[in-house]
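Report on the structure given below.
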Amino acid sequence: MTCMAQQLWSDFVTSINAVEVNTVSSIFKLCLSFVLGSIVGLERKRKGQSAGIRTFALIAMGATLAMIISIYVPQLYFGLKNGDPGRIAAQVVTGIGFLGAGAIIQMKGSVKGLTTAAGIWMVATIGLAVGVGLYTISILATVLILVILMPLERFEHRIGMGSDSRIIRVKVGCVVENIEAYRTLFAKHKVHLSSVYVEHNYAEEVTHINFVVLMKEHTDNVALFADIRTLNPTKSISLGNHVNL
């Protein structure tokens with residue numbers, strides 16, 4: 001029984017590593033790409049992204065199947081030494097850009113979804129790698145993706161690395177002619193003031209100020225707004241991604 005099991009295992013390993021496309025290797029490749037794609041998709045879904053387990057699994061499996069077909073067609077009709085096995089697979093790299101673009105949501109100056117789009121592109125290439133039989137490389141690439149998306153993200157948050165561009169819109173019930181107090185206040189809260197857009201309404205004695213700032217994720221917006229309110233008779237304060245003029 002042991003010898004039979006060893007023989008079956010040996011035949012299985014030989015089949016999945018064969019250069020020629022066969023049923024056993026194709027099934028194994030699709031299953032492996034399903035698992036690897038699902039792992040990455042699970043992490044993205046954990047972050048609340050619309051592209052989750054099903055999306056990433058389908059992308060990985062689709063890329064793997066395209067690679068299998070790309071190898072099989074020249075093998076079947078031209079022989080292993082003729083034809084171009086990369087022609088069909090090459091279209092995956094081009095076509096996946098449309099899915100990546102769909103994952104990027106542009107919101108009037110703020111772009112979201114770049115990491116997910118990059119993940120989609122990477123999962124597609126992992127699927128191609130699985131399809132061509134680079135199993136170890138595919139698994140290692142998946143592990144590295146998880147390292148990038150999880151431990152490195154926590155490290156960035158821990159050291160306060162990276163800032164987001166935001167617009168703080170303030171409506172003041174008087175004509176504001178000096179904003180130095182606001183500059184001092186932003187510096188106190190470690191918020192970098194990039195530029196200022198001011199609109200005066202002398203008839204109603206109202207000033208609309210748009211502060212373009214760079215803010216850390218851990219910035220206490222509530223405390224910041226409370227301090228801004230004390231500088232002038234403030235009617236409203238809001239945080240957004242584009243300037244209101």
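Letters A, B, ... go to the chains of the structure tokens in the order shown; residues in each chain start at 1; ligands are counted from 1 in the same order.
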Quick one: DSSP alpha helix (DSSP H) residues in stretch 127-231 of chain A, as JSON, numbers by chain? {"A": [127, 128, 129, 130, 131, 132, 135, 136, 137, 138, 139, 140, 141, 142, 143, 144, 145, 146, 147, 148, 149, 151, 152, 153, 154, 155, 156, 157, 158, 159, 180, 181, 182, 183, 184, 185, 186, 187, 188, 221, 222, 223, 224, 225, 226, 227, 228, 229]}
Residues just named, written with N, CA and C atoms as a compact mmCIF listing (two decimals), in the first residue's frame:
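Result saved to part-v4.txt:
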```
# COMPACT_ATOMS: atom_id res chain seq x y z
N GLY A 127 -1.60 34.32 -11.44
CA GLY A 127 -2.35 33.31 -12.18
C GLY A 127 -1.59 32.84 -13.40
N LEU A 128 -0.94 33.77 -14.10
CA LEU A 128 -0.13 33.38 -15.25
C LEU A 128 1.04 32.50 -14.82
N ALA A 129 1.65 32.85 -13.70
CA ALA A 129 2.78 32.06 -13.20
C ALA A 129 2.34 30.65 -12.84
N VAL A 130 1.17 30.53 -12.21
CA VAL A 130 0.64 29.20 -11.89
C VAL A 130 0.38 28.43 -13.18
N GLY A 131 -0.19 29.11 -14.17
CA GLY A 131 -0.50 28.45 -15.43
C GLY A 131 0.72 27.91 -16.14
N VAL A 132 1.85 28.57 -15.96
CA VAL A 132 3.06 28.11 -16.64
C VAL A 132 3.84 27.12 -15.79
N TYR A 135 5.03 27.16 -9.48
CA TYR A 135 4.24 27.05 -8.26
C TYR A 135 4.90 27.73 -7.06
N THR A 136 6.18 27.46 -6.88
CA THR A 136 6.89 28.03 -5.73
C THR A 136 6.92 29.55 -5.82
N ILE A 137 7.21 30.07 -7.00
CA ILE A 137 7.23 31.53 -7.20
C ILE A 137 5.86 32.13 -6.94
N SER A 138 4.81 31.44 -7.38
CA SER A 138 3.44 31.94 -7.20
C SER A 138 3.08 32.02 -5.72
N ILE A 139 3.40 30.98 -4.98
CA ILE A 139 3.10 30.96 -3.54
C ILE A 139 3.91 32.03 -2.82
N LEU A 140 5.19 32.16 -3.18
CA LEU A 140 6.04 33.18 -2.56
C LEU A 140 5.51 34.58 -2.86
N ALA A 141 5.07 34.82 -4.10
CA ALA A 141 4.52 36.13 -4.47
C ALA A 141 3.27 36.44 -3.67
N THR A 142 2.43 35.43 -3.43
CA THR A 142 1.22 35.63 -2.63
C THR A 142 1.57 36.00 -1.20
N VAL A 143 2.56 35.31 -0.64
CA VAL A 143 3.01 35.63 0.72
C VAL A 143 3.54 37.06 0.80
N LEU A 144 4.31 37.46 -0.20
CA LEU A 144 4.87 38.82 -0.21
C LEU A 144 3.77 39.87 -0.34
N ILE A 145 2.71 39.56 -1.11
CA ILE A 145 1.58 40.48 -1.20
C ILE A 145 0.95 40.69 0.17
N LEU A 146 0.76 39.60 0.91
CA LEU A 146 0.16 39.70 2.24
C LEU A 146 1.07 40.49 3.19
N VAL A 147 2.37 40.33 3.03
CA VAL A 147 3.32 41.10 3.85
C VAL A 147 3.18 42.59 3.55
N ILE A 148 3.03 42.92 2.26
CA ILE A 148 2.89 44.32 1.87
C ILE A 148 1.57 44.90 2.38
N LEU A 149 0.50 44.14 2.28
CA LEU A 149 -0.83 44.65 2.62
C LEU A 149 -1.12 44.67 4.11
N PRO A 151 1.52 43.61 7.39
CA PRO A 151 2.55 44.14 8.31
C PRO A 151 3.08 45.51 7.90
N LEU A 152 3.30 45.73 6.60
CA LEU A 152 3.82 47.02 6.18
C LEU A 152 2.82 48.15 6.42
N GLU A 153 1.53 47.83 6.27
CA GLU A 153 0.50 48.84 6.55
C GLU A 153 0.52 49.24 8.02
N ARG A 154 0.63 48.25 8.90
CA ARG A 154 0.69 48.54 10.34
C ARG A 154 1.95 49.34 10.67
N PHE A 155 3.05 49.02 9.99
CA PHE A 155 4.29 49.75 10.23
C PHE A 155 4.15 51.22 9.81
N GLU A 156 3.50 51.46 8.67
CA GLU A 156 3.27 52.84 8.22
C GLU A 156 2.44 53.61 9.24
N HIS A 157 1.40 52.98 9.76
CA HIS A 157 0.55 53.65 10.75
C HIS A 157 1.31 53.92 12.04
N ARG A 158 2.18 52.99 12.41
CA ARG A 158 2.91 53.12 13.68
C ARG A 158 3.87 54.30 13.65
N ILE A 159 4.52 54.51 12.52
CA ILE A 159 5.48 55.61 12.44
C ILE A 159 4.84 56.89 11.90
N GLU A 180 -3.01 84.42 9.83
CA GLU A 180 -1.83 83.92 10.56
C GLU A 180 -2.22 83.07 11.76
N ALA A 181 -3.34 83.43 12.39
CA ALA A 181 -3.79 82.63 13.54
C ALA A 181 -4.11 81.20 13.12
N TYR A 182 -4.66 81.07 11.93
CA TYR A 182 -4.96 79.73 11.41
C TYR A 182 -3.67 78.95 11.12
N ARG A 183 -2.68 79.62 10.56
CA ARG A 183 -1.40 78.97 10.29
C ARG A 183 -0.78 78.43 11.59
N THR A 184 -0.81 79.25 12.63
CA THR A 184 -0.26 78.85 13.94
C THR A 184 -1.02 77.66 14.49
N LEU A 185 -2.35 77.69 14.33
CA LEU A 185 -3.17 76.59 14.85
C LEU A 185 -2.89 75.28 14.12
N PHE A 186 -2.75 75.33 12.80
CA PHE A 186 -2.44 74.12 12.04
C PHE A 186 -1.07 73.56 12.44
N ALA A 187 -0.12 74.44 12.63
CA ALA A 187 1.21 74.00 13.05
C ALA A 187 1.15 73.30 14.41
N LYS A 188 0.31 73.82 15.30
CA LYS A 188 0.13 73.22 16.63
C LYS A 188 -0.37 71.79 16.51
N ASN A 221 -9.42 65.28 14.23
CA ASN A 221 -10.17 66.30 13.52
C ASN A 221 -11.15 67.06 14.43
N VAL A 222 -11.70 66.36 15.40
CA VAL A 222 -12.66 66.99 16.31
C VAL A 222 -11.98 68.10 17.12
N ALA A 223 -10.81 67.79 17.66
CA ALA A 223 -10.07 68.79 18.44
C ALA A 223 -9.60 69.93 17.55
N LEU A 224 -9.20 69.60 16.31
CA LEU A 224 -8.76 70.62 15.37
C LEU A 224 -9.90 71.58 15.05
N PHE A 225 -11.07 71.04 14.77
CA PHE A 225 -12.22 71.88 14.43
C PHE A 225 -12.64 72.73 15.62
N ALA A 226 -12.56 72.17 16.82
CA ALA A 226 -12.93 72.92 18.03
C ALA A 226 -12.02 74.13 18.21
N ASP A 227 -10.73 73.96 17.93
CA ASP A 227 -9.79 75.08 18.05
C ASP A 227 -10.00 76.11 16.95
N ILE A 228 -10.31 75.64 15.73
CA ILE A 228 -10.57 76.58 14.62
C ILE A 228 -11.77 77.46 14.97
N ARG A 229 -12.75 76.88 15.60
CA ARG A 229 -13.99 77.61 15.92
C ARG A 229 -13.74 78.78 16.87
```
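For A:Ala18, the list of residues within 12 Å, based on only C-alpha atoms and with local chain neighbours fewer than 6 positions off taken out, reads Asp11, Phe12, Val24, Ser25, Ser26, Phe28, Lys29, Ile71, Gly131, Val132, Gly133 and Leu134 of chain A.
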Keeping N, CA and C atoms, export the residues of the selection given above as an mmCIF file, in the first residue's frame.
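Output below, filename out04.cif:
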```
data_model
loop_
_atom_site.group_PDB
_atom_site.id
_atom_site.type_symbol
_atom_site.label_atom_id
_atom_site.label_comp_id
_atom_site.auth_asym_id
_atom_site.auth_seq_id
_atom_site.Cartn_x
_atom_site.Cartn_y
_atom_site.Cartn_z
ATOM 1 N N ASP A 11 3.511 9.945 -9.581
ATOM 2 C CA ASP A 11 2.825 10.210 -10.855
ATOM 3 C C ASP A 11 2.142 11.582 -10.824
ATOM 4 N N PHE A 12 1.567 11.936 -9.665
ATOM 5 C CA PHE A 12 0.887 13.224 -9.528
ATOM 6 C C PHE A 12 1.873 14.377 -9.681
ATOM 7 N N VAL A 24 -4.691 16.554 -15.266
ATOM 8 C CA VAL A 24 -4.301 16.628 -13.862
ATOM 9 C C VAL A 24 -3.632 17.963 -13.545
ATOM 10 N N SER A 25 -2.673 18.358 -14.385
ATOM 11 C CA SER A 25 -1.961 19.612 -14.134
ATOM 12 C C SER A 25 -2.895 20.814 -14.269
ATOM 13 N N SER A 26 -3.824 20.765 -15.212
ATOM 14 C CA SER A 26 -4.755 21.878 -15.417
ATOM 15 C C SER A 26 -5.666 22.053 -14.210
ATOM 16 N N PHE A 28 -5.061 21.031 -11.140
ATOM 17 C CA PHE A 28 -4.240 21.474 -10.009
ATOM 18 C C PHE A 28 -3.930 22.963 -10.106
ATOM 19 N N LYS A 29 -3.609 23.424 -11.306
ATOM 20 C CA LYS A 29 -3.282 24.835 -11.496
ATOM 21 C C LYS A 29 -4.491 25.731 -11.203
ATOM 22 N N ILE A 71 -0.635 27.827 -23.807
ATOM 23 C CA ILE A 71 0.360 26.764 -23.995
ATOM 24 C C ILE A 71 -0.224 25.625 -24.821
ATOM 25 N N GLY A 131 -0.194 29.109 -14.167
ATOM 26 C CA GLY A 131 -0.497 28.448 -15.434
ATOM 27 C C GLY A 131 0.716 27.905 -16.144
ATOM 28 N N VAL A 132 1.851 28.570 -15.964
ATOM 29 C CA VAL A 132 3.060 28.110 -16.637
ATOM 30 C C VAL A 132 3.844 27.118 -15.785
ATOM 31 N N GLY A 133 3.382 26.900 -14.532
ATOM 32 C CA GLY A 133 4.000 25.890 -13.670
ATOM 33 C C GLY A 133 4.985 26.413 -12.641
ATOM 34 N N LEU A 134 5.032 27.716 -12.429
ATOM 35 C CA LEU A 134 5.940 28.291 -11.424
ATOM 36 C C LEU A 134 5.236 28.322 -10.069
#
```
Enter the distance from atom CA of A:Ile96 to atom CA of A:Gly119, in Å, rounded to one decimal. 10.9 Å
Find the distance between atom CA of A:Trp121 and atom CA of A:Val93 and write it in Å to one decimal.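 Interatomic distance, atom CA of A:Trp121 to atom CA of A:Val93: 7.6 Å.
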Nearest to A:Ala63, chosen from A:Asn22, A:Thr125, A:Thr94, A:Gln75, with only C-alpha atoms counted in the distances: A:Thr125
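Proximity of A:Val213, A:Val191, A:Met150, A:Leu231 to A:Val172, computed with only C-alpha atoms, is greatest for A:Leu231.
Atom CA of A:Glu205 is found 20.1 Å from atom CA of A:Ile168.
Counting only C-alpha atoms, the residue from A:Gln6, A:Ser236, A:Ser38, A:Asn210 that sits nearest to A:Met61 is A:Ser38.
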Near A:Ala118, counting only C-alpha atoms, which residues have an atom at most 12 Å away, once you skip same-chain residues fewer than 2 positions from it, shown as a ChimeraX atom specification? /A:40,44,51,56,96-104,112-116,120-125,145,148-149
Could you dump the residues just selected with N, CA and C atoms as a PDB file, in the first residue's frame?
```
ATOM      1  N   VAL A  40      -5.613  36.587  -1.198  1.00  0.00           N
ATOM      2  CA  VAL A  40      -5.425  38.037  -1.393  1.00  0.00           C
ATOM      3  C   VAL A  40      -6.767  38.763  -1.333  1.00  0.00           C
ATOM      4  N   ARG A  44      -8.290  41.999   1.053  1.00  0.00           N
ATOM      5  CA  ARG A  44      -8.906  43.211   0.512  1.00  0.00           C
ATOM      6  C   ARG A  44     -10.334  43.392   1.047  1.00  0.00           C
ATOM      7  N   ALA A  51     -13.843  44.906  -4.342  1.00  0.00           N
ATOM      8  CA  ALA A  51     -13.211  43.738  -4.962  1.00  0.00           C
ATOM      9  C   ALA A  51     -12.709  42.819  -3.855  1.00  0.00           C
ATOM     10  N   PHE A  56     -11.033  38.406  -6.807  1.00  0.00           N
ATOM     11  CA  PHE A  56      -9.623  38.035  -6.926  1.00  0.00           C
ATOM     12  C   PHE A  56      -9.464  36.577  -7.331  1.00  0.00           C
ATOM     13  N   ILE A  96      -6.223  43.230 -18.105  1.00  0.00           N
ATOM     14  CA  ILE A  96      -6.432  43.391 -16.660  1.00  0.00           C
ATOM     15  C   ILE A  96      -6.395  44.858 -16.266  1.00  0.00           C
ATOM     16  N   GLY A  97      -5.812  45.696 -17.133  1.00  0.00           N
ATOM     17  CA  GLY A  97      -5.782  47.126 -16.843  1.00  0.00           C
ATOM     18  C   GLY A  97      -7.178  47.722 -16.752  1.00  0.00           C
ATOM     19  N   PHE A  98      -8.134  47.174 -17.520  1.00  0.00           N
ATOM     20  CA  PHE A  98      -9.504  47.681 -17.467  1.00  0.00           C
ATOM     21  C   PHE A  98     -10.140  47.372 -16.114  1.00  0.00           C
ATOM     22  N   LEU A  99      -9.868  46.189 -15.579  1.00  0.00           N
ATOM     23  CA  LEU A  99     -10.397  45.862 -14.246  1.00  0.00           C
ATOM     24  C   LEU A  99      -9.736  46.730 -13.188  1.00  0.00           C
ATOM     25  N   GLY A 100      -8.430  46.955 -13.347  1.00  0.00           N
ATOM     26  CA  GLY A 100      -7.729  47.802 -12.385  1.00  0.00           C
ATOM     27  C   GLY A 100      -8.269  49.219 -12.400  1.00  0.00           C
ATOM     28  N   ALA A 101      -8.556  49.730 -13.602  1.00  0.00           N
ATOM     29  CA  ALA A 101      -9.109  51.083 -13.705  1.00  0.00           C
ATOM     30  C   ALA A 101     -10.473  51.154 -13.034  1.00  0.00           C
ATOM     31  N   GLY A 102     -11.240  50.077 -13.135  1.00  0.00           N
ATOM     32  CA  GLY A 102     -12.553  50.056 -12.502  1.00  0.00           C
ATOM     33  C   GLY A 102     -12.477  50.060 -10.993  1.00  0.00           C
ATOM     34  N   ALA A 103     -11.357  49.590 -10.444  1.00  0.00           N
ATOM     35  CA  ALA A 103     -11.197  49.558  -8.992  1.00  0.00           C
ATOM     36  C   ALA A 103     -10.763  50.904  -8.427  1.00  0.00           C
ATOM     37  N   ILE A 104     -10.327  51.807  -9.320  1.00  0.00           N
ATOM     38  CA  ILE A 104      -9.868  53.130  -8.886  1.00  0.00           C
ATOM     39  C   ILE A 104     -11.044  54.105  -8.954  1.00  0.00           C
ATOM     40  N   LYS A 112      -8.876  56.844  -4.851  1.00  0.00           N
ATOM     41  CA  LYS A 112      -8.956  55.696  -3.975  1.00  0.00           C
ATOM     42  C   LYS A 112      -8.914  54.412  -4.810  1.00  0.00           C
ATOM     43  N   GLY A 113      -8.407  53.351  -4.224  1.00  0.00           N
ATOM     44  CA  GLY A 113      -8.422  52.062  -4.882  1.00  0.00           C
ATOM     45  C   GLY A 113      -7.151  51.699  -5.619  1.00  0.00           C
ATOM     46  N   LEU A 114      -6.099  52.503  -5.486  1.00  0.00           N
ATOM     47  CA  LEU A 114      -4.854  52.196  -6.190  1.00  0.00           C
ATOM     48  C   LEU A 114      -4.240  50.890  -5.705  1.00  0.00           C
ATOM     49  N   THR A 115      -4.296  50.655  -4.398  1.00  0.00           N
ATOM     50  CA  THR A 115      -3.728  49.418  -3.848  1.00  0.00           C
ATOM     51  C   THR A 115      -4.488  48.202  -4.348  1.00  0.00           C
ATOM     52  N   THR A 116      -5.820  48.308  -4.377  1.00  0.00           N
ATOM     53  CA  THR A 116      -6.632  47.205  -4.887  1.00  0.00           C
ATOM     54  C   THR A 116      -6.354  46.962  -6.364  1.00  0.00           C
ATOM     55  N   ILE A 120      -5.005  43.571  -8.034  1.00  0.00           N
ATOM     56  CA  ILE A 120      -5.638  42.869  -9.146  1.00  0.00           C
ATOM     57  C   ILE A 120      -4.610  42.530 -10.221  1.00  0.00           C
ATOM     58  N   TRP A 121      -3.772  43.502 -10.549  1.00  0.00           N
ATOM     59  CA  TRP A 121      -2.733  43.262 -11.563  1.00  0.00           C
ATOM     60  C   TRP A 121      -1.769  42.177 -11.097  1.00  0.00           C
ATOM     61  N   MET A 122      -1.380  42.219  -9.829  1.00  0.00           N
ATOM     62  CA  MET A 122      -0.433  41.241  -9.293  1.00  0.00           C
ATOM     63  C   MET A 122      -1.043  39.843  -9.250  1.00  0.00           C
ATOM     64  N   VAL A 123      -2.311  39.746  -8.857  1.00  0.00           N
ATOM     65  CA  VAL A 123      -2.974  38.443  -8.807  1.00  0.00           C
ATOM     66  C   VAL A 123      -3.091  37.845 -10.207  1.00  0.00           C
ATOM     67  N   ALA A 124      -3.326  38.690 -11.201  1.00  0.00           N
ATOM     68  CA  ALA A 124      -3.391  38.199 -12.575  1.00  0.00           C
ATOM     69  C   ALA A 124      -2.051  37.609 -13.008  1.00  0.00           C
ATOM     70  N   THR A 125      -0.962  38.278 -12.652  1.00  0.00           N
ATOM     71  CA  THR A 125       0.361  37.747 -13.010  1.00  0.00           C
ATOM     72  C   THR A 125       0.672  36.473 -12.221  1.00  0.00           C
ATOM     73  N   ILE A 145       2.710  39.557  -1.105  1.00  0.00           N
ATOM     74  CA  ILE A 145       1.580  40.479  -1.200  1.00  0.00           C
ATOM     75  C   ILE A 145       0.947  40.686   0.170  1.00  0.00           C
ATOM     76  N   ILE A 148       3.035  42.919   2.263  1.00  0.00           N
ATOM     77  CA  ILE A 148       2.890  44.321   1.868  1.00  0.00           C
ATOM     78  C   ILE A 148       1.575  44.901   2.382  1.00  0.00           C
ATOM     79  N   LEU A 149       0.496  44.140   2.279  1.00  0.00           N
ATOM     80  CA  LEU A 149      -0.829  44.653   2.616  1.00  0.00           C
ATOM     81  C   LEU A 149      -1.120  44.669   4.112  1.00  0.00           C
TER      82      LEU A 149
END
```
Among the residues of stretch 10-230 of chain A, find those DSSP assigns to strand (DSSP E or B) from the backbone and print them as an MDAnalysis selection string. chainID A and resid 105:107 110:112 164:172 192:201 206:215
